[in-house]
Amino acid sequence: MNILEQLDKYSQQASAEIEKDLFNRFNVKRGLRNQDGSGVLVGLTNVGDVVGYEKDGDKVIPTHGRLYYRGINVTDLVKGFQTDQRHGFDETTFLLLSGKLPNEKEMALFTSHMASMRDLPQHFTKNMILSLHGKNIMNMLARSALVLYTLDDDAEDHSPLNVMRQSLDLIAKFPVITAYSYFGFRHSYQRRSLVIRHPDPSLSTAENFIYMLKGEKYSKLEADILDLNLVLHAEHGGGNNSSFTTRVVSSSDTDTYSAIAAALGSLKGFLHGGANLQVMDMMKDIKKHVKDWDDKKEIADYLLKILKKEVGDKSGKIYGIGHAIYTLSDPRAILLKEKARELAEEKGKMDEFRLYEHIENLAPEVLSAFKGGESSKTVAPNVDFYSGFVYQCINLPKELYTPIFAISRMAGWCAHRLEEITFTSKRIIRPAYKNVFGKVEYESITDRK
């Protein structure tokens, strides 16, 4: 056994599973969750709010999900810009950062300002993205964020005005960095053509991103639904893992780029930003083994096999069904499903869309039967259930699913960082961990076995 294997053995022994009764004895909120599964309240925010249930004493009462950006219901926000037949991501970014919706003049100035900042610094694309490529685009994005620090003469100026400047710069540049990172990754690891298209200042954020990836070969509906996805993923309260990471790191009085790089590392995880990839892998397996996509019994039987860990990745999870906060419904999934149906019709994929609908409707019943009659009526599809399908219809590569989430959530992260650093009574976030290892007597090196 070499020294690496020896250290691994000792580490695993030292990190052995802690007895569950100790968590109850010391009233530890595992995963910052209360006993009823709700999140532990650790802070206050004016940025976003997620509502999925109500409380009556200790009882959790399921309710239809609602998502608010600065007090405005996201459903109303979406219906507003869709009715006007325009894209809403810039408007949403303005709202999250400022706390108010822009008027027409402010919107025009803001859109123009964001378009002017999309171009990357000289040599950045060649030296930091195309030459220094990586195996995972999320890691390339985190590295790029840290490199932008070196190009910012005022990187350590933590005043709100300067952090706002940095925030707008990051939000504007990240779609471009993401597109170029993908082509660098594709060229290096898939031996495919290297394509670089400069951003077009006349296009919206969603249009620009699709244009940089596909040229002019995209439909209006494709751009509309990508814009919707960006809006729906822009913010989700301060308690989600990556936004909380942003606030934790920002509370230490570090720089903007370090905080964003940390958030990107959080979002990369399969339990957070990578969830729609798991949905797509699951659906690929279901489509392969379920012969009749309209046979509800066959679908239900296969879902039960998934829960029994007999098929799929054998995790026992139906990915895309259920959410930590939403119970009866996820408002993002409802809004996305409406457009997903239109896209499926445009792309001739209604048979696959119906399969998704069947799974959405059957999953609660199958879960209830699997749990022996326990109620699972509070289980509903989350936004990840349909987002992968949408990206697939647009013909976006799977390597970009989580990076697109990052492009969107950058607005929410920056809003939370701005709020964290402007608190007049700000304090470093320092959670406590109870040590239960026990005490060990010191031995001299000659007496150790």
# chains A, B, ... in the order shown; residues from 1 in each chain; ligands from 1
$ residues_around --residues "Lys398 (chain A)" --least-positions-apart "4" --cutoff "10 Å" --atoms "only C-alpha atoms" --output "ChimeraX atom specification"
/A:276-277,280,388,391-392,402-403
$ select_by_dssp --residues "region 63-197 of chain A" --states "alpha helix (DSSP H)" --output "PyMOL selection string"
chain A and resi 74-83+89-98+104-116+124+137-150+160-189
$ residues_around --residues "region 377-382 of chain A" --least-positions-apart "6" --cutoff "9 Å" --atoms "only C-alpha atoms" --output "ChimeraX atom specification"
/A:62-63,319-323,326-334,360-361,363-365,367-368
$ closest_residue --among "A:Ala262, A:Leu271, A:Leu22, A:Leu97" --to "Ala324 (chain A)" --atoms "only C-alpha atoms"
A:Leu271
$ closest_atom_pairs --of "region 68-153 of chain A" --to "region 255-259 of chain A" --cutoff "7 Å" --atoms "only C-alpha atoms" --output "tab-separated table"
residue	atom	partner	partner_atom	distance
A:Ala145	CA	A:Tyr257	CA	5.6
A:Leu146	CA	A:Tyr257	CA	5.6
A:Tyr149	CA	A:Tyr257	CA	5.9
$ closest_residue --among "A:Thr246, A:Thr125, A:Ser193, A:Asn103" --to "Tyr180 (chain A)" --atoms "only C-alpha atoms"
A:Thr125
$ closest_residue --among "A:Ile325, A:Ile129, A:Glu441, A:Phe370" --to "Lys309 (chain A)" --atoms "only C-alpha atoms"
A:Phe370
$ closest_residue --among "A:His233, A:Arg191, A:Lys297, A:Lys20" --to "Ala411 (chain A)" --atoms "only C-alpha atoms"
A:His233
$ residues_around --residues "Ala14 (chain A)" --least-positions-apart "5" --cutoff "12 Å" --atoms "only C-alpha atoms" --output "list in words"
Leu7, Asp8, Lys9, Val436, Phe437 and Gly438 of chain A
$ atom_distance --atom1 "CA of Cys414 (chain A)" --atom2 "CA of Ala142 (chain A)"
14.8 Å
$ select_by_dssp --residues "region 10-126 of chain A" --states "strand (DSSP E or B)" --output "VMD selection string"
chain A and resid 33 39 48 to 56 59 to 69 72 to 73
$ closest_atom_pairs --of "region 60-149 of chain A" --to "region 214-226 of chain A" --cutoff "10 Å" --atoms "only C-alpha atoms" --output "CSV"
residue,atom,partner,partner_atom,distance
A:Gln82,CA,A:Asp224,CA,8.7
A:Gln85,CA,A:Asp224,CA,9.0
A:Arg86,CA,A:Asp224,CA,8.2
A:His87,CA,A:Asp224,CA,6.7
A:Gly88,CA,A:Asp224,CA,9.2
A:Phe89,CA,A:Leu226,CA,9.7
$ atom_distance --atom1 "CA of Phe405 (chain A)" --atom2 "CA of Ile171 (chain A)"
12.2 Å
$ closest_residue --among "A:Arg409, A:Asn34, A:Val248, A:Pro175" --to "Arg430 (chain A)" --atoms "only C-alpha atoms"
A:Val248
$ residues_around --residues "region 343-351 of chain A" --least-positions-apart "5" --cutoff "10 Å" --atoms "only C-alpha atoms" --output "list in words"
Ser219, Leu221, Glu222, Ile225, Trp293, Asp294, Lys337, Glu338, Tyr356, Glu357, Phe389, Val390, Cys393 and Ile394 of chain A
$ write_last_selection --atoms "C-alpha atoms" --output "mmCIF file, in the first residue's frame"
data_model
loop_
_atom_site.group_PDB
_atom_site.id
_atom_site.type_symbol
_atom_site.label_atom_id
_atom_site.label_comp_id
_atom_site.auth_asym_id
_atom_site.auth_seq_id
_atom_site.Cartn_x
_atom_site.Cartn_y
_atom_site.Cartn_z
ATOM 1 C CA SER A 219 -36.047 30.304 -35.070
ATOM 2 C CA LEU A 221 -39.374 30.486 -30.890
ATOM 3 C CA GLU A 222 -35.956 29.024 -30.035
ATOM 4 C CA ILE A 225 -37.771 29.976 -25.070
ATOM 5 C CA TRP A 293 -44.600 5.939 -25.244
ATOM 6 C CA ASP A 294 -48.379 6.267 -24.906
ATOM 7 C CA LYS A 337 -44.000 23.601 -20.206
ATOM 8 C CA GLU A 338 -46.267 26.027 -22.078
ATOM 9 C CA TYR A 356 -42.857 13.726 -20.549
ATOM 10 C CA GLU A 357 -46.481 14.571 -19.734
ATOM 11 C CA PHE A 389 -36.007 18.697 -23.284
ATOM 12 C CA VAL A 390 -36.130 22.314 -24.418
ATOM 13 C CA CYS A 393 -35.128 20.614 -29.122
ATOM 14 C CA ILE A 394 -33.008 23.729 -29.734
#
$ residues_around --residues "Leu67 (chain A)" --least-positions-apart "4" --cutoff "7 Å" --atoms "only C-alpha atoms" --output "list of chain:residue names"
A:Asp49, A:Val50, A:Val51, A:Asn73, A:Val74, A:Pro331
$ atom_distance --atom1 "CA of Val47 (chain A)" --atom2 "CA of Phe94 (chain A)"
11.9 Å
